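Asks: Contents of input13.csv (CSV, N, CA and C atoms) are below:
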```
chain,number,residue,atom,x,y,z
A,1364,MET,N,0.8,-1.2,0.0
A,1364,MET,CA,0.0,0.0,0.0
A,1364,MET,C,0.9,1.3,0.0
A,1365,LYS,N,1.9,1.3,0.8
A,1365,LYS,CA,2.8,2.4,0.8
A,1365,LYS,C,3.5,2.7,-0.5
A,1366,LYS,N,3.8,1.6,-1.2
A,1366,LYS,CA,4.4,1.7,-2.6
A,1366,LYS,C,3.4,2.4,-3.5
A,1367,LEU,N,2.2,2.0,-3.4
A,1367,LEU,CA,1.1,2.5,-4.3
A,1367,LEU,C,0.9,4.0,-4.0
A,1368,VAL,N,0.9,4.4,-2.8
A,1368,VAL,CA,0.7,5.8,-2.4
A,1368,VAL,C,1.9,6.6,-2.9
A,1369,PHE,N,3.1,6.1,-2.8
A,1369,PHE,CA,4.4,6.7,-3.2
A,1369,PHE,C,4.3,6.9,-4.7
A,1370,ILE,N,3.9,5.9,-5.5
A,1370,ILE,CA,3.8,6.0,-6.9
A,1370,ILE,C,2.8,7.1,-7.4
A,1371,VAL,N,1.7,7.1,-6.7
A,1371,VAL,CA,0.7,8.1,-7.1
A,1371,VAL,C,1.2,9.5,-6.8
A,1372,VAL,N,1.8,9.7,-5.6
A,1372,VAL,CA,2.3,11.0,-5.3
A,1372,VAL,C,3.4,11.4,-6.2
A,1373,LEU,N,4.3,10.5,-6.6
A,1373,LEU,CA,5.4,10.8,-7.6
A,1373,LEU,C,4.8,11.2,-8.9
A,1374,ALA,N,3.8,10.5,-9.4
A,1374,ALA,CA,3.1,10.8,-10.7
A,1374,ALA,C,2.5,12.1,-10.7
A,1375,VAL,N,1.8,12.5,-9.6
A,1375,VAL,CA,1.2,13.8,-9.5
A,1375,VAL,C,2.2,14.9,-9.5
A,1376,ALA,N,3.3,14.7,-8.7
A,1376,ALA,CA,4.4,15.7,-8.6
A,1376,ALA,C,5.1,15.9,-9.9
A,1377,THR,N,5.3,14.8,-10.6
A,1377,THR,CA,5.9,14.9,-12.0
A,1377,THR,C,5.0,15.7,-12.9
A,1378,GLN,N,3.7,15.4,-12.9
A,1378,GLN,CA,2.8,16.1,-13.7
A,1378,GLN,C,2.7,17.6,-13.4
A,1379,LEU,N,2.7,18.0,-12.1
A,1379,LEU,CA,2.6,19.4,-11.7
A,1379,LEU,C,3.9,20.1,-12.1
A,1380,ASN,N,5.0,19.5,-12.1
A,1380,ASN,CA,6.3,20.1,-12.4
A,1380,ASN,C,6.7,20.1,-13.9
A,1381,ALA,N,5.9,19.5,-14.7
A,1381,ALA,CA,6.3,19.4,-16.1
A,1381,ALA,C,6.4,20.8,-16.8
A,1382,GLN,N,5.5,21.7,-16.5
A,1382,GLN,CA,5.6,23.1,-17.0
A,1382,GLN,C,6.8,23.8,-16.5
A,1383,ASP,N,7.2,23.5,-15.2
A,1383,ASP,CA,8.3,24.1,-14.6
A,1383,ASP,C,9.6,23.7,-15.2
A,1384,GLN,N,9.6,22.5,-15.9
A,1384,GLN,CA,10.9,22.0,-16.5
A,1384,GLN,C,11.1,22.6,-17.9
A,1385,LEU,N,10.2,23.3,-18.4
A,1385,LEU,CA,10.4,23.9,-19.7
A,1385,LEU,C,11.4,25.1,-19.5
A,1386,PRO,N,12.2,25.4,-20.6
A,1386,PRO,CA,13.2,26.5,-20.4
A,1386,PRO,C,12.6,27.9,-20.5
A,1387,TRP,N,11.8,28.2,-19.5
A,1387,TRP,CA,11.1,29.5,-19.5
A,1387,TRP,C,12.1,30.6,-19.1
A,1388,LEU,N,12.2,31.7,-19.8
A,1388,LEU,CA,12.9,32.9,-19.4
A,1388,LEU,C,11.9,33.7,-18.5
A,1389,THR,N,12.4,34.5,-17.6
A,1389,THR,CA,11.5,35.3,-16.8
A,1389,THR,C,11.8,36.8,-16.9
A,1390,ASN,N,12.7,37.2,-17.7
A,1390,ASN,CA,13.0,38.6,-17.9
A,1390,ASN,C,12.5,39.0,-19.3
A,1391,HIS,N,11.6,39.9,-19.3
A,1391,HIS,CA,10.9,40.4,-20.5
A,1391,HIS,C,12.0,41.0,-21.5
A,1392,ASP,N,12.8,41.9,-21.1
A,1392,ASP,CA,13.8,42.5,-22.0
A,1392,ASP,C,14.8,41.5,-22.6
A,1393,THR,N,15.2,40.6,-21.7
A,1393,THR,CA,16.1,39.5,-22.2
A,1393,THR,C,15.5,38.6,-23.2
A,1394,ALA,N,14.2,38.3,-23.0
A,1394,ALA,CA,13.5,37.4,-23.9
A,1394,ALA,C,13.3,38.1,-25.3
A,1395,LEU,N,12.9,39.4,-25.3
A,1395,LEU,CA,12.8,40.2,-26.5
A,1395,LEU,C,14.1,40.3,-27.3
A,1396,LYS,N,15.2,40.5,-26.6
A,1396,LYS,CA,16.5,40.6,-27.3
A,1396,LYS,C,16.8,39.2,-27.9
A,1397,LEU,N,16.6,38.2,-27.2
A,1397,LEU,CA,16.8,36.8,-27.7
A,1397,LEU,C,15.9,36.5,-28.9
A,1398,ALA,N,14.7,36.9,-28.8
A,1398,ALA,CA,13.7,36.7,-29.9
A,1398,ALA,C,14.2,37.4,-31.2
A,1399,LYS,N,14.7,38.6,-31.0
A,1399,LYS,CA,15.2,39.4,-32.2
A,1399,LYS,C,16.5,38.7,-32.7
A,1400,ALA,N,17.4,38.3,-31.8
A,1400,ALA,CA,18.7,37.7,-32.2
A,1400,ALA,C,18.4,36.4,-33.0
A,1401,GLU,N,17.5,35.6,-32.5
A,1401,GLU,CA,17.2,34.3,-33.1
A,1401,GLU,C,16.1,34.3,-34.1
A,1402,GLN,N,15.5,35.5,-34.3
A,1402,GLN,CA,14.4,35.6,-35.2
A,1402,GLN,C,13.3,34.6,-35.0
A,1403,LYS,N,12.9,34.6,-33.7
A,1403,LYS,CA,11.8,33.7,-33.3
A,1403,LYS,C,10.7,34.5,-32.6
A,1404,PRO,N,9.5,34.1,-32.6
A,1404,PRO,CA,8.5,34.7,-31.8
A,1404,PRO,C,8.6,34.3,-30.3
A,1405,LEU,N,7.9,35.0,-29.5
A,1405,LEU,CA,7.9,34.7,-28.0
A,1405,LEU,C,6.5,34.0,-27.8
A,1406,LEU,N,6.6,33.0,-26.9
A,1406,LEU,CA,5.3,32.4,-26.4
A,1406,LEU,C,5.3,32.9,-24.9
A,1407,VAL,N,4.4,33.8,-24.6
A,1407,VAL,CA,4.3,34.4,-23.3
A,1407,VAL,C,3.3,33.7,-22.5
A,1408,TYR,N,3.7,33.2,-21.3
A,1408,TYR,CA,2.9,32.5,-20.4
A,1408,TYR,C,2.7,33.5,-19.2
A,1409,VAL,N,1.5,34.0,-19.0
A,1409,VAL,CA,1.2,34.9,-17.9
A,1409,VAL,C,0.6,34.2,-16.8
A,1410,THR,N,1.2,34.2,-15.6
A,1410,THR,CA,0.7,33.4,-14.5
A,1410,THR,C,0.9,34.2,-13.2
A,1411,ASN,N,0.1,33.8,-12.2
A,1411,ASN,CA,0.3,34.4,-10.9
A,1411,ASN,C,1.0,33.4,-10.0
A,1412,GLY,N,1.4,32.2,-10.5
A,1412,GLY,CA,2.2,31.2,-9.8
A,1412,GLY,C,1.3,30.3,-8.9
A,1413,VAL,N,0.0,30.5,-8.9
A,1413,VAL,CA,-0.9,29.7,-8.1
A,1413,VAL,C,-1.4,28.5,-9.0
A,1414,LYS,N,-1.3,27.3,-8.5
A,1414,LYS,CA,-1.8,26.2,-9.2
A,1414,LYS,C,-3.4,26.2,-9.2
A,1415,THR,N,-3.9,26.3,-10.4
A,1415,THR,CA,-5.4,26.4,-10.5
A,1415,THR,C,-5.8,25.3,-11.5
A,1416,PRO,N,-7.1,25.1,-11.7
A,1416,PRO,CA,-7.6,24.2,-12.7
A,1416,PRO,C,-7.2,24.6,-14.1
A,1417,ALA,N,-7.2,25.9,-14.3
A,1417,ALA,CA,-6.8,26.5,-15.6
A,1417,ALA,C,-5.3,26.2,-15.9
A,1418,SER,N,-4.4,26.4,-14.9
A,1418,SER,CA,-3.0,26.1,-15.1
A,1418,SER,C,-2.8,24.6,-15.3
A,1419,ALA,N,-3.5,23.8,-14.6
A,1419,ALA,CA,-3.4,22.3,-14.8
A,1419,ALA,C,-3.8,21.9,-16.2
A,1420,LEU,N,-4.9,22.6,-16.7
A,1420,LEU,CA,-5.4,22.3,-18.0
A,1420,LEU,C,-4.3,22.7,-19.0
A,1421,LEU,N,-3.6,23.8,-18.8
A,1421,LEU,CA,-2.6,24.2,-19.7
A,1421,LEU,C,-1.4,23.2,-19.8
A,1422,ASN,N,-1.1,22.7,-18.6
A,1422,ASN,CA,-0.1,21.6,-18.5
A,1422,ASN,C,-0.5,20.4,-19.3
A,1423,ASP,N,-1.7,19.9,-19.1
A,1423,ASP,CA,-2.2,18.7,-19.7
A,1423,ASP,C,-2.4,18.9,-21.2
A,1424,GLN,N,-3.1,20.0,-21.6
A,1424,GLN,CA,-3.5,20.1,-23.0
A,1424,GLN,C,-2.5,20.8,-23.9
A,1425,ILE,N,-1.5,21.5,-23.3
A,1425,ILE,CA,-0.6,22.2,-24.1
A,1425,ILE,C,0.9,21.8,-23.8
A,1426,PHE,N,1.3,22.2,-22.6
A,1426,PHE,CA,2.8,22.0,-22.3
A,1426,PHE,C,3.3,20.6,-22.3
A,1427,ASN,N,2.4,19.6,-22.0
A,1427,ASN,CA,2.8,18.2,-21.9
A,1427,ASN,C,2.5,17.4,-23.2
A,1428,THR,N,2.1,18.1,-24.2
A,1428,THR,CA,1.8,17.3,-25.5
A,1428,THR,C,3.0,17.2,-26.3
A,1429,ASP,N,3.0,16.1,-27.2
A,1429,ASP,CA,4.1,15.9,-28.1
A,1429,ASP,C,4.2,17.0,-29.1
A,1430,THR,N,3.0,17.6,-29.5
A,1430,THR,CA,3.0,18.7,-30.5
A,1430,THR,C,3.7,19.9,-29.9
A,1431,PHE,N,3.5,20.2,-28.6
A,1431,PHE,CA,4.2,21.4,-28.0
A,1431,PHE,C,5.7,21.1,-27.9
A,1432,LYS,N,6.0,19.9,-27.5
A,1432,LYS,CA,7.4,19.5,-27.4
A,1432,LYS,C,8.2,19.7,-28.7
A,1433,LYS,N,7.5,19.5,-29.8
A,1433,LYS,CA,8.1,19.7,-31.1
A,1433,LYS,C,8.2,21.2,-31.5
A,1434,LEU,N,7.2,22.0,-31.0
A,1434,LEU,CA,7.1,23.4,-31.4
A,1434,LEU,C,8.0,24.3,-30.5
A,1435,GLN,N,8.3,23.8,-29.3
A,1435,GLN,CA,8.9,24.7,-28.3
A,1435,GLN,C,10.3,25.3,-28.8
A,1436,SER,N,11.0,24.5,-29.6
A,1436,SER,CA,12.3,25.0,-30.1
A,1436,SER,C,12.1,26.1,-31.1
A,1437,LYS,N,10.9,26.4,-31.6
A,1437,LYS,CA,10.6,27.4,-32.6
A,1437,LYS,C,10.2,28.7,-32.0
A,1438,VAL,N,10.2,28.8,-30.7
A,1438,VAL,CA,9.8,30.0,-30.0
A,1438,VAL,C,10.7,30.2,-28.8
A,1439,ILE,N,10.7,31.5,-28.3
A,1439,ILE,CA,11.4,31.8,-27.1
A,1439,ILE,C,10.3,31.8,-26.0
A,1440,LEU,N,10.5,31.0,-25.0
A,1440,LEU,CA,9.5,30.8,-23.9
A,1440,LEU,C,9.7,31.9,-22.8
A,1441,LEU,N,8.7,32.7,-22.6
A,1441,LEU,CA,8.7,33.7,-21.6
A,1441,LEU,C,7.6,33.5,-20.6
A,1442,GLN,N,8.0,33.4,-19.3
A,1442,GLN,CA,7.0,33.3,-18.2
A,1442,GLN,C,6.9,34.6,-17.5
A,1443,LEU,N,5.8,35.2,-17.5
A,1443,LEU,CA,5.6,36.5,-16.7
A,1443,LEU,C,4.8,36.2,-15.5
A,1444,GLU,N,5.5,36.3,-14.3
A,1444,GLU,CA,4.8,36.2,-13.0
A,1444,GLU,C,4.1,37.5,-12.7
A,1445,VAL,N,2.9,37.4,-12.4
A,1445,VAL,CA,2.1,38.6,-12.0
A,1445,VAL,C,1.5,38.3,-10.6
A,1446,PRO,N,2.3,38.5,-9.6
A,1446,PRO,CA,1.8,38.3,-8.2
A,1446,PRO,C,0.7,39.2,-7.7
A,1447,SER,N,0.7,40.4,-8.3
A,1447,SER,CA,-0.3,41.4,-7.9
A,1447,SER,C,-0.5,42.4,-9.0
A,1448,MET,N,-1.6,43.2,-8.9
A,1448,MET,CA,-1.9,44.3,-9.9
A,1448,MET,C,-0.9,45.4,-9.9
A,1449,GLU,N,-0.1,45.5,-8.8
A,1449,GLU,CA,0.9,46.5,-8.7
A,1449,GLU,C,2.2,46.1,-9.3
A,1450,HIS,N,2.4,44.9,-9.7
A,1450,HIS,CA,3.6,44.3,-10.2
A,1450,HIS,C,3.9,44.9,-11.6
A,1451,ALA,N,5.1,45.1,-12.0
A,1451,ALA,CA,5.5,45.6,-13.3
A,1451,ALA,C,5.0,44.7,-14.4
A,1452,ASN,N,4.9,43.4,-14.2
A,1452,ASN,CA,4.5,42.5,-15.3
A,1452,ASN,C,3.0,42.5,-15.5
A,1453,TYR,N,2.2,43.2,-14.6
A,1453,TYR,CA,0.8,43.2,-14.8
A,1453,TYR,C,0.3,43.8,-16.1
A,1454,ARG,N,0.9,45.0,-16.4
A,1454,ARG,CA,0.6,45.7,-17.7
A,1454,ARG,C,1.0,44.8,-18.9
A,1455,LEU,N,2.2,44.2,-18.8
A,1455,LEU,CA,2.6,43.4,-19.9
A,1455,LEU,C,1.6,42.2,-20.1
A,1456,GLY,N,1.2,41.6,-19.0
A,1456,GLY,CA,0.3,40.5,-19.1
A,1456,GLY,C,-1.0,40.9,-19.8
A,1457,ILE,N,-1.5,42.1,-19.4
A,1457,ILE,CA,-2.8,42.6,-20.1
A,1457,ILE,C,-2.5,42.8,-21.6
A,1458,HIS,N,-1.4,43.4,-21.9
A,1458,HIS,CA,-1.0,43.6,-23.3
A,1458,HIS,C,-1.0,42.3,-24.1
A,1459,TYR,N,-0.4,41.3,-23.5
A,1459,TYR,CA,-0.2,40.1,-24.3
A,1459,TYR,C,-1.4,39.1,-24.3
A,1460,THR,N,-2.2,39.2,-23.2
A,1460,THR,CA,-3.4,38.3,-23.2
A,1460,THR,C,-4.7,39.0,-23.4
A,1461,LYS,N,-4.7,40.3,-23.3
A,1461,LYS,CA,-5.9,41.1,-23.5
A,1461,LYS,C,-6.9,40.9,-22.3
A,1462,LYS,N,-6.4,40.4,-21.2
A,1462,LYS,CA,-7.3,40.2,-20.0
A,1462,LYS,C,-6.5,40.5,-18.8
A,1463,THR,N,-7.2,40.8,-17.7
A,1463,THR,CA,-6.6,41.1,-16.4
A,1463,THR,C,-6.4,39.9,-15.5
A,1464,THR,N,-6.8,38.7,-16.0
A,1464,THR,CA,-6.8,37.5,-15.2
A,1464,THR,C,-5.6,36.6,-15.7
A,1465,THR,N,-5.2,35.7,-14.8
A,1465,THR,CA,-4.2,34.7,-15.2
A,1465,THR,C,-4.8,33.3,-15.0
A,1466,PRO,N,-4.3,32.3,-15.6
A,1466,PRO,CA,-3.2,32.3,-16.5
A,1466,PRO,C,-3.7,32.6,-17.9
A,1467,GLY,N,-2.7,32.8,-18.8
A,1467,GLY,CA,-3.0,33.1,-20.2
A,1467,GLY,C,-1.7,32.9,-21.0
A,1468,LEU,N,-1.9,32.7,-22.3
A,1468,LEU,CA,-0.8,32.5,-23.3
A,1468,LEU,C,-1.0,33.4,-24.4
A,1469,GLY,N,0.1,34.0,-24.9
A,1469,GLY,CA,0.1,34.8,-26.1
A,1469,GLY,C,1.3,34.6,-27.0
A,1470,LEU,N,1.1,34.6,-28.3
A,1470,LEU,CA,2.2,34.5,-29.2
A,1470,LEU,C,2.5,35.9,-29.6
A,1471,VAL,N,3.8,36.3,-29.5
A,1471,VAL,CA,4.2,37.7,-29.7
A,1471,VAL,C,5.5,37.7,-30.6
A,1472,ASP,N,5.5,38.7,-31.5
A,1472,ASP,CA,6.7,38.8,-32.3
A,1472,ASP,C,7.8,39.5,-31.6
A,1473,ALA,N,9.0,39.6,-32.2
A,1473,ALA,CA,10.2,40.1,-31.5
A,1473,ALA,C,10.1,41.6,-31.2
A,1474,ASP,N,9.1,42.3,-31.8
A,1474,ASP,CA,8.8,43.7,-31.4
A,1474,ASP,C,7.8,43.9,-30.3
A,1475,GLY,N,7.3,42.8,-29.8
A,1475,GLY,CA,6.3,42.8,-28.7
A,1475,GLY,C,4.9,42.9,-29.1
A,1476,ASP,N,4.6,42.7,-30.4
A,1476,ASP,CA,3.2,42.8,-30.9
A,1476,ASP,C,2.6,41.4,-30.9
A,1477,THR,N,1.4,41.3,-30.5
A,1477,THR,CA,0.7,40.0,-30.4
A,1477,THR,C,0.4,39.5,-31.8
A,1478,ILE,N,0.5,38.2,-32.0
A,1478,ILE,CA,0.2,37.5,-33.2
A,1478,ILE,C,-1.1,36.7,-33.0
A,1479,GLY,N,-2.1,37.0,-33.7
A,1479,GLY,CA,-3.3,36.3,-33.5
A,1479,GLY,C,-4.0,36.6,-32.2
A,1480,GLU,N,-4.9,35.7,-31.8
A,1480,GLU,CA,-5.7,35.9,-30.5
A,1480,GLU,C,-5.0,35.1,-29.4
A,1481,PRO,N,-4.8,35.7,-28.3
A,1481,PRO,CA,-4.2,35.0,-27.1
A,1481,PRO,C,-5.2,34.0,-26.5
A,1482,LEU,N,-4.6,33.1,-25.7
A,1482,LEU,CA,-5.5,32.1,-25.0
A,1482,LEU,C,-5.6,32.7,-23.6
A,1483,ALA,N,-6.8,33.2,-23.3
A,1483,ALA,CA,-7.1,33.8,-22.0
A,1483,ALA,C,-8.3,33.1,-21.3
A,1484,ASP,N,-9.2,32.7,-22.1
A,1484,ASP,CA,-10.4,31.9,-21.5
A,1484,ASP,C,-10.0,30.4,-21.7
A,1485,ILE,N,-9.5,29.8,-20.7
A,1485,ILE,CA,-8.9,28.5,-20.8
A,1485,ILE,C,-10.0,27.4,-20.6
A,1486,THR,N,-10.2,26.6,-21.7
A,1486,THR,CA,-11.1,25.4,-21.6
A,1486,THR,C,-10.4,24.4,-22.5
A,1487,PRO,N,-10.8,23.1,-22.3
A,1487,PRO,CA,-10.1,22.1,-23.2
A,1487,PRO,C,-10.2,22.4,-24.7
A,1488,GLU,N,-11.4,23.0,-25.1
A,1488,GLU,CA,-11.5,23.3,-26.5
A,1488,GLU,C,-10.6,24.5,-26.9
A,1489,SER,N,-10.6,25.5,-26.1
A,1489,SER,CA,-9.7,26.7,-26.5
A,1489,SER,C,-8.2,26.3,-26.4
A,1490,ALA,N,-7.8,25.4,-25.5
A,1490,ALA,CA,-6.4,25.0,-25.4
A,1490,ALA,C,-6.1,24.2,-26.7
A,1491,LYS,N,-7.0,23.4,-27.1
A,1491,LYS,CA,-6.7,22.6,-28.4
A,1491,LYS,C,-6.6,23.5,-29.6
A,1492,SER,N,-7.5,24.5,-29.6
A,1492,SER,CA,-7.5,25.5,-30.7
A,1492,SER,C,-6.2,26.3,-30.7
A,1493,PHE,N,-5.8,26.7,-29.5
A,1493,PHE,CA,-4.6,27.5,-29.5
A,1493,PHE,C,-3.3,26.7,-29.9
A,1494,LEU,N,-3.3,25.4,-29.5
A,1494,LEU,CA,-2.2,24.6,-29.9
A,1494,LEU,C,-2.2,24.4,-31.5
A,1495,LEU,N,-3.3,24.3,-32.1
A,1495,LEU,CA,-3.4,24.2,-33.5
A,1495,LEU,C,-3.0,25.5,-34.2
A,1496,PHE,N,-3.4,26.6,-33.5
A,1496,PHE,CA,-3.0,28.0,-34.0
A,1496,PHE,C,-1.4,28.1,-33.9
A,1497,LEU,N,-0.8,27.6,-32.8
A,1497,LEU,CA,0.6,27.7,-32.7
A,1497,LEU,C,1.3,26.9,-33.8
A,1498,LYS,N,0.7,25.7,-34.0
A,1498,LYS,CA,1.3,24.8,-35.1
A,1498,LYS,C,1.2,25.5,-36.4
A,1499,SER,N,0.1,26.2,-36.7
A,1499,SER,CA,0.0,26.8,-38.0
A,1499,SER,C,0.9,28.0,-38.2
A,1500,LYS,N,1.3,28.7,-37.1
A,1500,LYS,CA,2.1,29.9,-37.2
A,1500,LYS,C,3.6,29.6,-37.1
A,1501,LEU,N,4.0,28.4,-36.6
A,1501,LEU,CA,5.4,28.2,-36.4
A,1501,LEU,C,6.0,27.2,-37.4
```
How does this structure look as structure tokens?
Replies:
Amino acid sequence: MKKLVFIVVLAVATQLNAQDQLPWLTNHDTALKLAKAEQKPLLVYVTNGVKTPASALLNDQIFNTDTFKKLQSKVILLQLEVPSMEHANYRLGIHYTKKTTTPGLGLVDADGDTIGEPLADITPESAKSFLLFLKSKL
């Protein structure tokens, strides 16, 4: 029984940390410079760091998919932490996701302009559509 509990806990911990294992940059200016140098768009993940059903859905439906693993080398990954409305990243998060809530994803060119519609209202259907959108743009 102890082995079973350990295996379940390990599986859940691995799943929760999958998004954290991606090579996310956390500095906006650095990410933009790298995007220009490598001529790649940015995939901006706006989060407040709290594990929510929406962030779990992003992990399951986007970050942990084979499609995303193939696409991630074609973008610069930028994670914007927005712990409060007063934080400097708050305005950037609104600019990239067009919403004041987190989490959200936006595809952005090297000049900081959004490409297409961001993923802000996270459902299984919208996550699937956004992944197809990424695939079509990259």
Asks: Using atom C of Thr1463 of chain A and atom N of Gly1412 of chain A as the two end points, give the distance in Å to one decimal.
Replies: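 About the pair atom C of Thr1463 of chain A and atom N of Gly1412 of chain A: they are 12.0 Å apart.
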Asks: Compare A:Tyr1408, A:Tyr1453, A:Gln1402, A:Ile1425 by their minimum atom-to-atom distance to Leu1495 of chain A, counting only C-alpha atoms, and give me the closest one.
Replies: A:Ile1425
Asks: For atom C of Pro1487 of chain A and atom CA of Thr1389 of chain A, quote the distance in Å rounded to one decimal.
Replies: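 Atom CA of Thr1389 of chain A lies 26.5 Å from atom C of Pro1487 of chain A.
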Asks: Atom CA of Gly1467 of chain A to atom N of Thr1410 of chain A: how many Å, to one decimal?
Replies: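 Straight-line distance from atom CA of Gly1467 of chain A to atom N of Thr1410 of chain A works out to 6.3 Å.
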Asks: Give me every alpha helix (DSSP H) residue in chain A, going by DSSP on the backbone, as a ChimeraX atom specification.
Replies: /A:1365-1380,1391-1401,1416-1421,1429-1434,1452-1460,1487-1500
Asks: Hey, which of A:Ala1394, A:Ala1451, A:Val1407, A:Leu1468 ends up closest to Asp1484 of chain A? Count all atoms listed in the file.
Replies: A:Leu1468
Asks: Determine the nearest neighbour of Asn1390 of chain A from the options A:Gln1435, A:Thr1428, A:Thr1477, A:Asn1452, counting only C-alpha atoms.
Replies: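 Using only C-alpha atoms, the shortest distance to Asn1390 of chain A belongs to A:Asn1452.
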Asks: For a quick check of understanding, using all atoms listed in the file, which of A:Asn1427, A:Leu1385, A:Ala1490, A:Val1409 has the smallest distance to Ile1457 of chain A?
Replies: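 The shortest atom-to-atom distance to Ile1457 of chain A comes from A:Val1409.
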Asks: With distances taken over only C-alpha atoms, which residue among A:Ala1419, A:Ala1400, A:Ile1485, A:Leu1406 lies nearest Lys1437 of chain A?
Replies: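 The answer is A:Leu1406, which sits nearest to Lys1437 of chain A.
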Asks: Using all atoms listed in the file, can you tell me which of A:Thr1415, A:Glu1488, A:Gly1475, A:Ser1436 comes closest to His1458 of chain A?
Replies: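 Closest to His1458 of chain A, using all atoms listed in the file: A:Gly1475.
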Asks: As a PyMOL selection string, list the residues of chain A assigned to strand (DSSP E or B) by DSSP on the backbone atoms of this structure.
Replies: chain A and resi 1388+1405-1410+1439-1444+1467-1471+1477-1482
Asks: Compute the distance from (1.1, 39.4, -13.8) to each atom, counting only C-alpha atoms, keep the residues with any atom at most 8 Å away, and return them as a compact mmCIF listing (two decimals) with N, CA and C atoms, in the coordinates of the input; use the coordinates of the file.
Replies:
```txt
# COMPACT_ATOMS: atom_id res chain seq x y z
N VAL A 1409 1.50 34.00 -19.00
CA VAL A 1409 1.20 34.90 -17.90
C VAL A 1409 0.60 34.20 -16.80
N THR A 1410 1.20 34.20 -15.60
CA THR A 1410 0.70 33.40 -14.50
C THR A 1410 0.90 34.20 -13.20
N ASN A 1411 0.10 33.80 -12.20
CA ASN A 1411 0.30 34.40 -10.90
C ASN A 1411 1.00 33.40 -10.00
N LEU A 1443 5.80 35.20 -17.50
CA LEU A 1443 5.60 36.50 -16.70
C LEU A 1443 4.80 36.20 -15.50
N GLU A 1444 5.50 36.30 -14.30
CA GLU A 1444 4.80 36.20 -13.00
C GLU A 1444 4.10 37.50 -12.70
N VAL A 1445 2.90 37.40 -12.40
CA VAL A 1445 2.10 38.60 -12.00
C VAL A 1445 1.50 38.30 -10.60
N PRO A 1446 2.30 38.50 -9.60
CA PRO A 1446 1.80 38.30 -8.20
C PRO A 1446 0.70 39.20 -7.70
N SER A 1447 0.70 40.40 -8.30
CA SER A 1447 -0.30 41.40 -7.90
C SER A 1447 -0.50 42.40 -9.00
N MET A 1448 -1.60 43.20 -8.90
CA MET A 1448 -1.90 44.30 -9.90
C MET A 1448 -0.90 45.40 -9.90
N HIS A 1450 2.40 44.90 -9.70
CA HIS A 1450 3.60 44.30 -10.20
C HIS A 1450 3.90 44.90 -11.60
N ALA A 1451 5.10 45.10 -12.00
CA ALA A 1451 5.50 45.60 -13.30
C ALA A 1451 5.00 44.70 -14.40
N ASN A 1452 4.90 43.40 -14.20
CA ASN A 1452 4.50 42.50 -15.30
C ASN A 1452 3.00 42.50 -15.50
N TYR A 1453 2.20 43.20 -14.60
CA TYR A 1453 0.80 43.20 -14.80
C TYR A 1453 0.30 43.80 -16.10
N ARG A 1454 0.90 45.00 -16.40
CA ARG A 1454 0.60 45.70 -17.70
C ARG A 1454 1.00 44.80 -18.90
N LEU A 1455 2.20 44.20 -18.80
CA LEU A 1455 2.60 43.40 -19.90
C LEU A 1455 1.60 42.20 -20.10
N GLY A 1456 1.20 41.60 -19.00
CA GLY A 1456 0.30 40.50 -19.10
C GLY A 1456 -1.00 40.90 -19.80
N THR A 1465 -5.20 35.70 -14.80
CA THR A 1465 -4.20 34.70 -15.20
C THR A 1465 -4.80 33.30 -15.00
```
Asks: At most 12 Å from (10.6, 33.1, -31.7), file frame, only C-alpha atoms: which residues, as JSON, numbers by chain?
Replies: {"A": [1394, 1395, 1396, 1397, 1398, 1399, 1400, 1401, 1402, 1403, 1404, 1405, 1406, 1407, 1434, 1435, 1436, 1437, 1438, 1439, 1440, 1441, 1470, 1471, 1472, 1473, 1474, 1475, 1478, 1497, 1500, 1501]}
